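In what follows, a single structure is set out as structure tokens and then discussed.
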Amino acid sequence: MSTTLRIPELLAPAGSPLALRAAVNNGADAVYLGLDRLNARQGAENFTTETLSDAVRFAHLKGVRVYLTANVVVLSEEMDDALQLIDQAWAVGVDAVIVQDLGFARLIAAELPQVRMHASTQINTHNTATVTELERLGVSRVTLAREVSRSEATSIAASSNLEVEVFVHGALCMCYSGQCLLSSLIGRRSANRGTCAQPCRLPYELLDEKSRVLKTPGPHLLSPKDLCSIDTLPELVASGVSALKIEGRMKDPEYVALVTGVYRRALDRLATEPESFAVTEAERSILAEAFSRGFTPGYLEDIRDNRMMSYTRPNNRGVHVGRISKVVDRAVHISLDSALDTDDIIEVWTSQGRFAQKVGRMDLSGSAVPTGPAGSTVVIRTEKPASAGDRVFRVSNSTLIDAARRTYAEDRGGHPLPLDVSVRLVVGSPLRVEVRQGSRVGVAQGPIVESARTKSVTVDEITEHVGRFGGTLFEAATWDIELQPEVGIGFSALHRARREAVEDLERVMLKPWAHRELRHPRQQRVERRRSIAPIAPQIVIHTDDLVTARACIGAGAQRVIMPHWALMDVPAEEIPERIVPELPRIVRDREVDDLLVIARREYESHGDAARVVVGNLGLLGPVAESGCETDAHWSLNAVNQWTCEALADSGASMVWLSPELSGRQIAEVAAASPVPVGVAVYGRQEVMVTEHCLLMSIGDCNQICGTCPRRRTWHALRDRKGYAFPVSSDPLGRSHIYNSVPLDLTRAAAEIVQAGVSEVRLDFTVEHSQEAQKITRIVREAFAAAIGDREIQQEAVEQGTTGHFYRGVY
């Protein structure tokens, strides 16, 4: 006896109007889409405020919810327009707004409280404490970080009042979402602003501490395989999560149609026959042919090693269809393992590289054929040289593509909504047409029915003319016709009544959103809250080396931030008074209690002077409640005063600003923030933190990270231009990648003083203690000169970068 399961929402991407139709017509319960601004996929076709209304109407008539992505950080000067945009989108009927910026979320909750908010994966949520904090901010659903395991998601869903959403299919980012600055710092294209250039898909060499190239399985050391959870759907459904999300707003509509359709059919089978559920080989094949860098169940199933990586290629690898058996005068003989069509696109893997082409003319047994069956040997002509033994992959399946396109090529593509149609023609009464879709009914009346003067209307003519539902989303499923004999009626009257009945039905179907109106949120201004006096900011050091910490304190640093793990084995009496522990940005539920013990001990040791830097949103409040002054970490992406307010509400007494701000923007935020702010002025800024350890690419790893000999020394990634990005691995096995060129804002000291920041930070990574001490002294003297209106004598390093200070991000 079968049992019907509660199936989570299937949430599909809609990067364009065609992709929207593809998702809706292939079974999505909801879609997520973005406008031409304020979303994390600026490279997609997207929608405009004008086309959004039509998109929402189409989806709602099909019973599909629409979520608007506003999942970027919002600069101060954009906040007013951003709120107006959400107001307009809600008025036209979107069902939720997906947000990243904490200040933006705070304002939406205050100014537009009727708007349902979902927390983007860009917020980097991976513990229950952060979910609780997001609930306080007014969020209704949270999209967990892709690095969260299924067991962790189950626990979070069970202990939270919010809906929980997880990604189940599509591209995986190498870095924790919302934490990646690689594209931003090397090319000004910020992932936090929707313009990521995906440098993670480029080739790199891994170097040891002596700059020797290490052997790795391939050059694409930052390129994961694609996530695929089709085989674990039963476990995901049982986990209690509310939504299963497919990645892909940058993908073609064909991809959206194929992948959404596979997951829809699988979930429907699972709902009705859970005991016998199995994924078919045809479904796996469709997913692989739609797009695949190779598949992995990834972090959801606790896989973080080399099995999740696509080291040899960063793009679609397609499916293997055969191997070249011989080549005669450019006539290439392919022994096929799978059927191949002339319109397919293949990729030939040769010893000299790969090339792709359309199959074109294909001969079998001396005759041209449209299809070569599996097991046969066909002959084609390749555009570039190939050799016997070369493998052939299909990267575009023309049959699948055509089938996918048929589902969305026209408004009636997919499955038109069935209608029960009732028509009444009785002499002396008005023509009546009723259309029913489930429990919803549309009705229209026409002229008074009269006896026929010439020819009476027939049942067939009624079904033909009333049944013309082309151009709508409906089709007639059943008919109930009450037709008095010898009745006459003009066909135009039938057409008009049918059209008006459909319009009435659509009004009924769209009624839940019809009451919405523009709320016109108050204009948001950047208001100066603190007077800015030209005083020297405190010099703060960040390092994981105690020798460097002591050297910098000796050079005049007022405080040193050190990761908590760097202090774990150090006797308390050997830790200088000015050392401040830093709690990590990545915190699992199982780690929370131990980290809060550190905060409590800090308060017990230092009383009201106790201070802790907190990198995880969920820990801000609990650490503040321990009595410690709480600094919000720079990874919390504070780019505007409202985010500073949100962080202060959460417990922060000081906020380190995002490194993506310009000097002008820093000054605006500093003046309006309710708490003091700080900025980085020197150092190789961290551009990635990854759950997968890059050092695994060297060879087998036992994943006992605390004693791993590899992580005792620095490594580096060298790109195609010769730039080397330092890499370290922490005791939990996470890799940290740093910019190839250090930030140096020494020459901007006067502007930073005028901006009114309270603290400036120097991040030391690969520098030895003497070098760090020298740089600390130079920076301290530069700010002293700026206060004294004297000329700054020297920069911290000869070849540095000013980062975004003079340019900002796009």
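By order of appearance in the structure tokens: chains A, B, ..., then residues from 1 within every chain, and ligands from 1 in the order shown.
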Within 12 Å of Thr342 (chain A) using only C-alpha atoms, minus same-chain residues under 6 positions, as a list in words: Gln357, Lys358, Val359, Gly360, Arg361, Met362, Asp363, Leu364, Ala368, Val369, Pro370, Thr371, Gly372, Pro373, Val378, Val379, Ile380, Arg381, Arg394, Ser396, Asn397, Ser398 and Thr399 of chain A
Exercise for review: May I have the residues within 12 Å of Pro576 (chain A) as a list in words, using only C-alpha atoms and disregarding those fewer than 2 positions away in the same chain?
Suggested key: Leu546, Val547, Thr548, Ala549, Arg550, Ala551, Cys552, Ile553, Gly554, Gln558, Arg559, Val560, Ile561, Met562, Leu567, Val570, Pro571, Ala572, Glu573, Glu574, Arg578, Ile579, Val580, Pro581 and His606 of chain A
**Message:** I need the residues of region 596-728 of chain A that end up classed as strand (DSSP E) by DSSP on the backbone, written out as a PyMOL selection string.
**Reply:** chain A and resi 611-614+629-632+654-656+677-683+686-690+715-718+724-728
Deliver the residues from the most recent selection as a file, using N, CA, C and O atoms, as a short mmCIF file (atom, residue, chain, number, x, y, z; two decimals), in the first residue's frame.
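Wrote it out as part.cif, contents follow:
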```cif
data_model
loop_
_atom_site.label_atom_id
_atom_site.label_comp_id
_atom_site.auth_asym_id
_atom_site.auth_seq_id
_atom_site.Cartn_x
_atom_site.Cartn_y
_atom_site.Cartn_z
N ARG A 611 37.24 41.87 24.55
CA ARG A 611 36.84 42.16 23.18
C ARG A 611 37.02 40.91 22.33
O ARG A 611 38.01 40.17 22.50
N VAL A 612 36.08 40.67 21.42
CA VAL A 612 36.14 39.51 20.54
C VAL A 612 35.70 39.95 19.15
O VAL A 612 34.74 40.71 19.01
N VAL A 613 36.40 39.46 18.12
CA VAL A 613 35.97 39.68 16.74
C VAL A 613 35.14 38.48 16.32
O VAL A 613 35.56 37.33 16.48
N VAL A 614 33.95 38.75 15.78
CA VAL A 614 33.01 37.68 15.44
C VAL A 614 32.73 37.70 13.94
O VAL A 614 32.31 38.72 13.38
N GLU A 629 32.93 43.27 24.37
CA GLU A 629 32.78 44.15 23.22
C GLU A 629 32.92 43.28 21.97
O GLU A 629 33.83 42.44 21.90
N THR A 630 32.03 43.47 21.00
CA THR A 630 31.96 42.55 19.87
C THR A 630 32.19 43.30 18.57
O THR A 630 31.41 44.18 18.20
N ASP A 631 33.27 42.96 17.88
CA ASP A 631 33.57 43.55 16.58
C ASP A 631 33.00 42.66 15.49
O ASP A 631 33.27 41.45 15.45
N ALA A 632 32.23 43.24 14.58
CA ALA A 632 31.69 42.49 13.45
C ALA A 632 32.76 42.37 12.37
O ALA A 632 33.33 43.37 11.92
N MET A 654 31.24 47.44 17.20
CA MET A 654 32.12 48.03 16.21
C MET A 654 32.01 47.18 14.95
O MET A 654 31.78 45.97 15.03
N VAL A 655 32.13 47.80 13.77
CA VAL A 655 31.97 47.08 12.51
C VAL A 655 33.17 47.32 11.61
O VAL A 655 33.54 48.47 11.34
N TRP A 656 33.79 46.22 11.18
CA TRP A 656 34.80 46.31 10.13
C TRP A 656 34.08 46.33 8.78
O TRP A 656 33.32 45.42 8.47
N VAL A 677 33.48 52.33 13.01
CA VAL A 677 33.82 51.43 11.92
C VAL A 677 35.32 51.43 11.68
O VAL A 677 36.03 52.37 12.05
N GLY A 678 35.79 50.35 11.05
CA GLY A 678 37.20 50.24 10.71
C GLY A 678 37.37 49.71 9.30
O GLY A 678 36.43 49.14 8.71
N VAL A 679 38.57 49.90 8.74
CA VAL A 679 38.86 49.43 7.39
C VAL A 679 40.26 48.84 7.34
O VAL A 679 41.13 49.17 8.15
N ALA A 680 40.48 47.97 6.38
CA ALA A 680 41.82 47.42 6.13
C ALA A 680 42.63 48.44 5.34
O ALA A 680 42.12 49.06 4.40
N VAL A 681 43.90 48.60 5.70
CA VAL A 681 44.77 49.52 4.98
C VAL A 681 46.02 48.84 4.44
O VAL A 681 46.75 49.43 3.64
N TYR A 682 46.27 47.62 4.88
CA TYR A 682 47.44 46.90 4.38
C TYR A 682 47.15 45.40 4.42
O TYR A 682 46.46 44.89 5.31
N GLY A 683 47.74 44.69 3.47
CA GLY A 683 47.76 43.23 3.54
C GLY A 683 47.21 42.54 2.32
O GLY A 683 46.52 43.13 1.50
N GLU A 686 42.06 38.38 1.96
CA GLU A 686 41.56 37.04 1.71
C GLU A 686 40.50 37.09 0.62
O GLU A 686 39.51 37.81 0.72
N VAL A 687 40.70 36.29 -0.44
CA VAL A 687 39.78 36.32 -1.56
C VAL A 687 38.87 35.10 -1.60
O VAL A 687 37.85 35.10 -2.30
N MET A 688 39.22 34.05 -0.86
CA MET A 688 38.38 32.85 -0.81
C MET A 688 38.59 32.11 0.50
O MET A 688 39.71 32.07 1.02
N VAL A 689 37.50 31.52 0.99
CA VAL A 689 37.59 30.49 2.02
C VAL A 689 36.79 29.30 1.48
O VAL A 689 35.65 29.44 1.07
N THR A 690 37.41 28.13 1.46
CA THR A 690 36.80 26.97 0.81
C THR A 690 36.71 25.80 1.78
O THR A 690 37.65 25.54 2.54
N HIS A 715 51.51 27.55 0.63
CA HIS A 715 51.48 27.18 -0.77
C HIS A 715 50.95 28.38 -1.55
O HIS A 715 50.62 29.42 -0.96
N ALA A 716 50.87 28.24 -2.85
CA ALA A 716 50.35 29.34 -3.67
C ALA A 716 49.72 28.79 -4.94
O ALA A 716 50.12 27.73 -5.44
N LEU A 717 48.75 29.52 -5.44
CA LEU A 717 48.17 29.26 -6.76
C LEU A 717 48.73 30.28 -7.73
O LEU A 717 48.65 31.49 -7.48
N ARG A 718 49.30 29.80 -8.83
CA ARG A 718 49.84 30.74 -9.83
C ARG A 718 48.93 30.71 -11.05
O ARG A 718 48.64 29.65 -11.62
N ALA A 724 50.94 34.95 -8.18
CA ALA A 724 50.85 33.86 -7.20
C ALA A 724 49.98 34.30 -6.03
O ALA A 724 50.26 35.33 -5.39
N PHE A 725 48.97 33.51 -5.74
CA PHE A 725 48.02 33.79 -4.66
C PHE A 725 48.33 32.86 -3.50
O PHE A 725 48.14 31.64 -3.61
N PRO A 726 48.81 33.38 -2.37
CA PRO A 726 49.16 32.52 -1.24
C PRO A 726 47.96 31.70 -0.76
O PRO A 726 46.81 32.16 -0.79
N VAL A 727 48.24 30.49 -0.32
CA VAL A 727 47.21 29.56 0.15
C VAL A 727 47.64 28.99 1.50
O VAL A 727 48.78 28.53 1.65
N SER A 728 46.73 29.02 2.46
CA SER A 728 46.96 28.34 3.73
C SER A 728 45.77 27.43 4.01
O SER A 728 44.69 27.60 3.43
#
```
Counting only C-alpha atoms, the residue of A:Arg777, A:Arg600, A:Arg585, A:Lys210 that sits nearest Thr713 (chain A):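 Of the candidates, the smallest distance to Thr713 (chain A) is held by A:Lys210.
Between CA of His633 (chain A) and CA of Ala652 (chain A) lies a distance of 9.5 Å.
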Report as a CSV table (one decimal) with N, CA, C and O atoms, in the first residue's frame all protein, DNA and RNA residues lying within 10 Å of Ser635 (chain A), evaluated on only C-alpha atoms, omitting residues in the same chain fewer than 3 positions from it.
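What landed in part_10.csv:
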```
chain,number,residue,atom,x,y,z
A,123,ILE,N,24.2,35.0,2.2
A,123,ILE,CA,24.4,35.4,3.6
A,123,ILE,C,25.2,34.4,4.3
A,123,ILE,O,25.7,34.6,5.4
A,124,ASN,N,25.5,33.2,3.7
A,124,ASN,CA,26.4,32.2,4.2
A,124,ASN,C,25.9,31.6,5.5
A,124,ASN,O,26.5,31.6,6.6
A,178,GLY,N,29.1,34.6,-0.8
A,178,GLY,CA,29.1,35.8,-0.1
A,178,GLY,C,30.4,36.1,0.5
A,178,GLY,O,30.7,37.2,1.1
A,179,GLN,N,31.4,35.2,0.4
A,179,GLN,CA,32.7,35.4,0.9
A,179,GLN,C,33.8,35.5,-0.1
A,179,GLN,O,35.0,35.7,0.2
A,180,CYS,N,33.5,35.5,-1.4
A,180,CYS,CA,34.4,35.4,-2.5
A,180,CYS,C,34.7,36.9,-3.0
A,180,CYS,O,33.8,37.6,-3.4
A,181,LEU,N,36.0,37.2,-3.0
A,181,LEU,CA,36.5,38.5,-3.5
A,181,LEU,C,37.4,38.4,-4.6
A,181,LEU,O,38.0,39.4,-5.1
A,585,ARG,N,34.3,32.8,10.7
A,585,ARG,CA,33.0,33.0,10.0
A,585,ARG,C,32.3,31.7,9.7
A,585,ARG,O,31.0,31.8,9.5
A,614,VAL,N,34.0,38.7,15.8
A,614,VAL,CA,33.0,37.7,15.4
A,614,VAL,C,32.7,37.7,13.9
A,614,VAL,O,32.3,38.7,13.4
A,615,GLY,N,33.0,36.6,13.3
A,615,GLY,CA,32.8,36.5,11.8
A,615,GLY,C,31.5,35.8,11.4
A,615,GLY,O,31.2,35.8,10.2
A,616,ASN,N,30.7,35.4,12.4
A,616,ASN,CA,29.5,34.7,12.0
A,616,ASN,C,28.3,35.4,12.6
A,616,ASN,O,28.2,35.7,13.8
A,617,LEU,N,27.3,35.7,11.8
A,617,LEU,CA,26.1,36.5,12.1
A,617,LEU,C,25.4,35.9,13.4
A,617,LEU,O,25.0,36.7,14.3
A,632,ALA,N,32.2,43.2,14.6
A,632,ALA,CA,31.7,42.5,13.4
A,632,ALA,C,32.8,42.4,12.4
A,632,ALA,O,33.3,43.4,11.9
A,638,ALA,N,29.4,44.6,5.3
A,638,ALA,CA,28.8,45.9,5.6
A,638,ALA,C,29.3,47.0,4.6
A,638,ALA,O,30.4,47.3,4.6
A,656,TRP,N,33.8,46.2,11.2
A,656,TRP,CA,34.8,46.3,10.1
A,656,TRP,C,34.1,46.3,8.8
A,656,TRP,O,33.3,45.4,8.5
A,657,LEU,N,34.3,47.4,8.0
A,657,LEU,CA,33.6,47.5,6.7
A,657,LEU,C,34.2,46.6,5.6
A,657,LEU,O,35.3,46.1,5.7
A,658,SER,N,33.3,46.3,4.7
A,658,SER,CA,33.7,45.5,3.5
A,658,SER,C,34.9,46.1,2.8
A,658,SER,O,35.0,47.3,2.6
A,659,PRO,N,35.8,45.3,2.3
A,659,PRO,CA,36.9,45.8,1.5
A,659,PRO,C,36.5,46.2,0.1
A,659,PRO,O,37.4,46.6,-0.7
A,686,GLU,N,42.1,38.4,2.0
A,686,GLU,CA,41.6,37.0,1.7
A,686,GLU,C,40.5,37.1,0.6
A,686,GLU,O,39.5,37.8,0.7
```
Non-local contacts of Asp594 (chain A) (12 Å; only C-alpha atoms; under 3 positions in same chain excluded) as a JSON list (two decimals) with all heavy atoms, in the first residue's frame:
```json
[["chain", "number", "residue", "atom", "x", "y", "z"],
["A", 564, "HIS", "N", 41.13, 32.23, 16.86],
["A", 564, "HIS", "CA", 41.07, 31.56, 18.16],
["A", 564, "HIS", "C", 41.93, 30.30, 18.19],
["A", 564, "HIS", "O", 42.53, 29.96, 19.20],
["A", 564, "HIS", "CB", 39.62, 31.21, 18.50],
["A", 564, "HIS", "CG", 39.08, 30.02, 17.76],
["A", 564, "HIS", "ND1", 38.76, 30.07, 16.41],
["A", 564, "HIS", "CD2", 38.86, 28.73, 18.15],
["A", 564, "HIS", "CE1", 38.34, 28.88, 16.02],
["A", 564, "HIS", "NE2", 38.39, 28.07, 17.04],
["A", 565, "TRP", "N", 42.01, 29.60, 17.01],
["A", 565, "TRP", "CA", 42.78, 28.35, 17.00],
["A", 565, "TRP", "C", 44.27, 28.58, 17.16],
["A", 565, "TRP", "O", 45.00, 27.69, 17.62],
["A", 565, "TRP", "CB", 42.50, 27.55, 15.72],
["A", 565, "TRP", "CG", 42.68, 28.30, 14.43],
["A", 565, "TRP", "CD1", 41.71, 28.90, 13.68],
["A", 565, "TRP", "CD2", 43.91, 28.52, 13.73],
["A", 565, "TRP", "NE1", 42.24, 29.49, 12.56],
["A", 565, "TRP", "CE2", 43.59, 29.27, 12.57],
["A", 565, "TRP", "CE3", 45.24, 28.17, 13.98],
["A", 565, "TRP", "CZ2", 44.56, 29.67, 11.65],
["A", 565, "TRP", "CZ3", 46.21, 28.58, 13.07],
["A", 565, "TRP", "CH2", 45.87, 29.32, 11.92],
["A", 568, "MET", "N", 44.98, 28.45, 20.99],
["A", 568, "MET", "CA", 44.43, 27.35, 21.79],
["A", 568, "MET", "C", 45.49, 26.67, 22.67],
["A", 568, "MET", "O", 45.21, 26.29, 23.80],
["A", 568, "MET", "CB", 43.77, 26.33, 20.86],
["A", 568, "MET", "CG", 42.46, 26.84, 20.27],
["A", 568, "MET", "SD", 41.70, 25.65, 19.13],
["A", 568, "MET", "CE", 41.39, 24.26, 20.21],
["A", 583, "LEU", "N", 36.72, 34.82, 16.35],
["A", 583, "LEU", "CA", 35.91, 33.63, 16.14],
["A", 583, "LEU", "C", 35.60, 33.52, 14.65],
["A", 583, "LEU", "O", 35.35, 34.53, 13.99],
["A", 583, "LEU", "CB", 34.63, 33.68, 16.97],
["A", 583, "LEU", "CG", 34.83, 33.87, 18.48],
["A", 583, "LEU", "CD1", 33.49, 33.74, 19.20],
["A", 583, "LEU", "CD2", 35.84, 32.88, 19.04],
["A", 587, "VAL", "N", 30.96, 28.46, 11.15],
["A", 587, "VAL", "CA", 30.70, 27.86, 12.47],
["A", 587, "VAL", "C", 29.56, 26.86, 12.34],
["A", 587, "VAL", "O", 28.43, 27.22, 12.00],
["A", 587, "VAL", "CB", 30.32, 28.94, 13.50],
["A", 587, "VAL", "CG1", 30.05, 28.29, 14.85],
["A", 587, "VAL", "CG2", 31.40, 30.00, 13.61],
["A", 588, "ARG", "N", 29.84, 25.60, 12.60],
["A", 588, "ARG", "CA", 28.81, 24.57, 12.61],
["A", 588, "ARG", "C", 28.11, 24.55, 13.97],
["A", 588, "ARG", "O", 28.67, 24.98, 14.98],
["A", 588, "ARG", "CB", 29.42, 23.19, 12.32],
["A", 588, "ARG", "CG", 30.25, 23.14, 11.06],
["A", 588, "ARG", "CD", 29.45, 23.41, 9.83],
["A", 588, "ARG", "NE", 30.22, 23.17, 8.62],
["A", 588, "ARG", "CZ", 29.76, 23.36, 7.38],
["A", 588, "ARG", "NH1", 28.53, 23.79, 7.20],
["A", 588, "ARG", "NH2", 30.53, 23.11, 6.34],
["A", 589, "ASP", "N", 26.90, 24.00, 13.99],
["A", 589, "ASP", "CA", 26.15, 23.93, 15.25],
["A", 589, "ASP", "C", 26.95, 23.24, 16.34],
["A", 589, "ASP", "O", 26.92, 23.66, 17.51],
["A", 589, "ASP", "CB", 24.83, 23.17, 15.03],
["A", 589, "ASP", "CG", 23.73, 24.07, 14.48],
["A", 589, "ASP", "OD1", 23.88, 25.31, 14.55],
["A", 589, "ASP", "OD2", 22.73, 23.55, 13.96],
["A", 590, "ARG", "N", 27.69, 22.21, 15.97],
["A", 590, "ARG", "CA", 28.45, 21.45, 16.98],
["A", 590, "ARG", "C", 29.60, 22.25, 17.58],
["A", 590, "ARG", "O", 30.15, 21.87, 18.61],
["A", 590, "ARG", "CB", 28.99, 20.16, 16.36],
["A", 590, "ARG", "CG", 29.94, 20.39, 15.19],
["A", 590, "ARG", "CD", 30.41, 19.09, 14.56],
["A", 590, "ARG", "NE", 31.30, 19.31, 13.43],
["A", 590, "ARG", "CZ", 30.89, 19.48, 12.18],
["A", 590, "ARG", "NH1", 29.59, 19.44, 11.91],
["A", 590, "ARG", "NH2", 31.75, 19.68, 11.20],
["A", 591, "GLU", "N", 29.97, 23.37, 16.93],
["A", 591, "GLU", "CA", 31.10, 24.18, 17.39],
["A", 591, "GLU", "C", 30.68, 25.38, 18.21],
["A", 591, "GLU", "O", 31.52, 26.03, 18.85],
["A", 591, "GLU", "CB", 31.91, 24.66, 16.18],
["A", 591, "GLU", "CG", 32.47, 23.55, 15.32],
["A", 591, "GLU", "CD", 32.96, 24.03, 13.96],
["A", 591, "GLU", "OE1", 32.52, 25.11, 13.51],
["A", 591, "GLU", "OE2", 33.78, 23.31, 13.36],
["A", 597, "VAL", "N", 32.35, 29.51, 24.90],
["A", 597, "VAL", "CA", 33.21, 29.36, 26.08],
["A", 597, "VAL", "C", 34.41, 30.30, 25.99],
["A", 597, "VAL", "O", 34.82, 30.92, 26.98],
["A", 597, "VAL", "CB", 33.65, 27.89, 26.24],
["A", 597, "VAL", "CG1", 34.78, 27.78, 27.26],
["A", 597, "VAL", "CG2", 32.48, 27.02, 26.65],
["A", 598, "ILE", "N", 34.96, 30.43, 24.78],
["A", 598, "ILE", "CA", 36.10, 31.34, 24.57],
["A", 598, "ILE", "C", 35.70, 32.76, 24.92],
["A", 598, "ILE", "O", 36.45, 33.50, 25.58],
["A", 598, "ILE", "CB", 36.59, 31.24, 23.12],
["A", 598, "ILE", "CG1", 37.18, 29.85, 22.85],
["A", 598, "ILE", "CG2", 37.61, 32.34, 22.81],
["A", 598, "ILE", "CD1", 37.53, 29.61, 21.40],
["A", 599, "ALA", "N", 34.50, 33.17, 24.46],
["A", 599, "ALA", "CA", 34.04, 34.53, 24.74],
["A", 599, "ALA", "C", 33.86, 34.73, 26.24],
["A", 599, "ALA", "O", 34.25, 35.78, 26.80],
["A", 599, "ALA", "CB", 32.74, 34.81, 23.99],
["A", 600, "ARG", "N", 33.26, 33.76, 26.91],
["A", 600, "ARG", "CA", 33.03, 33.90, 28.36],
["A", 600, "ARG", "C", 34.36, 33.96, 29.12],
["A", 600, "ARG", "O", 34.50, 34.75, 30.07],
["A", 600, "ARG", "CB", 32.16, 32.75, 28.86],
["A", 600, "ARG", "CG", 30.70, 32.87, 28.43],
["A", 600, "ARG", "CD", 29.82, 31.89, 29.19],
["A", 600, "ARG", "NE", 30.06, 30.51, 28.82],
["A", 600, "ARG", "CZ", 29.43, 29.88, 27.82],
["A", 600, "ARG", "NH1", 28.52, 30.52, 27.12],
["A", 600, "ARG", "NH2", 29.68, 28.61, 27.57],
["A", 601, "ARG", "N", 35.32, 33.15, 28.70],
["A", 601, "ARG", "CA", 36.63, 33.19, 29.36],
["A", 601, "ARG", "C", 37.31, 34.53, 29.12],
["A", 601, "ARG", "O", 38.02, 35.05, 30.01],
["A", 601, "ARG", "CB", 37.50, 32.05, 28.84],
["A", 601, "ARG", "CG", 37.08, 30.68, 29.37],
["A", 601, "ARG", "CD", 37.93, 29.58, 28.75],
["A", 601, "ARG", "NE", 37.56, 28.26, 29.28],
["A", 601, "ARG", "CZ", 37.99, 27.11, 28.76],
["A", 601, "ARG", "NH1", 38.82, 27.12, 27.72],
["A", 601, "ARG", "NH2", 37.61, 25.97, 29.28],
["A", 619, "LEU", "N", 26.54, 34.38, 15.87],
["A", 619, "LEU", "CA", 27.28, 34.45, 17.13],
["A", 619, "LEU", "C", 27.39, 35.87, 17.68],
["A", 619, "LEU", "O", 27.84, 36.05, 18.82],
["A", 619, "LEU", "CB", 28.68, 33.86, 16.96],
["A", 619, "LEU", "CG", 28.84, 32.39, 17.41],
["A", 619, "LEU", "CD1", 27.94, 31.49, 16.58],
["A", 619, "LEU", "CD2", 30.28, 31.95, 17.31],
["A", 623, "VAL", "N", 27.76, 36.32, 21.80],
["A", 623, "VAL", "CA", 29.06, 36.82, 22.29],
["A", 623, "VAL", "C", 28.86, 38.13, 23.03],
["A", 623, "VAL", "O", 29.45, 38.37, 24.09],
["A", 623, "VAL", "CB", 30.05, 36.98, 21.13],
["A", 623, "VAL", "CG1", 31.30, 37.73, 21.59],
["A", 623, "VAL", "CG2", 30.44, 35.61, 20.57]]
```
Using only C-alpha atoms, which residues sit within 7 Å of Ser229 (chain A) once same-chain residues fewer than 5 positions away are excluded, as a PDB file with C-alpha atoms, in the first residue's frame?
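As written to disk, result_29.pdb reads:
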```
ATOM      1  CA  VAL A 168      20.027  20.136  -5.190  1.00  0.00           C
ATOM      2  CA  HIS A 169      21.374  20.576  -8.720  1.00  0.00           C
ATOM      3  CA  PRO A 297      26.360  14.797  -4.475  1.00  0.00           C
TER       4      PRO A 297
END
```
The distance between CA of Val74 (chain A) and CA of Pro13 (chain A) is 22.4 Å
Polymer residues at most 12 Å from Ala110 (chain A), only C-alpha atoms, same-chain spacing of 2 or more positions, as a compact mmCIF listing (two decimals) with N, CA and C atoms, in the first residue's frame:
```txt
# COMPACT_ATOMS: atom_id res chain seq x y z
N LEU A 83 14.59 50.09 -2.53
CA LEU A 83 13.31 49.95 -1.84
C LEU A 83 12.14 50.20 -2.78
N GLY A 103 21.33 45.17 5.85
CA GLY A 103 20.71 46.48 6.01
C GLY A 103 19.49 46.65 5.14
N PHE A 104 19.55 46.12 3.93
CA PHE A 104 18.41 46.14 3.02
C PHE A 104 17.25 45.35 3.62
N ALA A 105 17.56 44.17 4.17
CA ALA A 105 16.52 43.36 4.81
C ALA A 105 15.89 44.11 5.97
N ARG A 106 16.71 44.79 6.74
CA ARG A 106 16.21 45.55 7.89
C ARG A 106 15.25 46.64 7.44
N LEU A 107 15.58 47.32 6.34
CA LEU A 107 14.72 48.39 5.84
C LEU A 107 13.44 47.83 5.23
N ILE A 108 13.52 46.72 4.52
CA ILE A 108 12.31 46.12 3.96
C ILE A 108 11.35 45.76 5.08
N LEU A 112 8.41 48.05 4.38
CA LEU A 112 7.50 47.24 3.56
C LEU A 112 7.24 45.92 4.29
N PRO A 113 6.62 45.99 5.46
CA PRO A 113 6.49 44.78 6.29
C PRO A 113 5.64 43.68 5.66
N GLN A 114 4.84 44.02 4.66
CA GLN A 114 4.01 43.01 4.01
C GLN A 114 4.82 42.12 3.07
N VAL A 115 6.04 42.53 2.72
CA VAL A 115 6.87 41.79 1.77
C VAL A 115 7.49 40.58 2.46
N LEU A 137 15.28 39.32 12.00
CA LEU A 137 15.32 40.37 10.98
C LEU A 137 14.05 40.40 10.12
N GLY A 138 13.19 39.38 10.24
CA GLY A 138 11.96 39.37 9.47
C GLY A 138 11.94 38.42 8.30
N PRO A 521 7.61 53.59 0.05
CA PRO A 521 8.42 53.68 1.27
C PRO A 521 9.12 55.02 1.37
N ARG A 522 9.38 55.42 2.60
CA ARG A 522 10.04 56.70 2.82
C ARG A 522 11.40 56.75 2.16
N GLN A 524 15.17 57.12 1.75
CA GLN A 524 16.25 56.83 2.68
C GLN A 524 17.43 57.76 2.40
N TRP A 642 22.90 51.05 7.00
CA TRP A 642 21.79 50.22 7.50
C TRP A 642 22.27 48.83 7.88
N ALA A 646 21.97 47.06 11.43
CA ALA A 646 21.52 45.68 11.63
C ALA A 646 22.53 44.90 12.47
```
**OP:** Would you list, as an NGL selection string, the residues of region 78-213 of chain A that end up in alpha helix (DSSP H) under DSSP run on this structure's backbone?
**Re:** :A and (79-92 or 102-111 or 128-136 or 150-159 or 182-187)
What is the distance, in Å and to one decimal place, between CA of His692 (chain A) and CA of Ser159 (chain A)?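 Atom-to-atom, CA of His692 (chain A) and CA of Ser159 (chain A) are spaced 27.1 Å apart.
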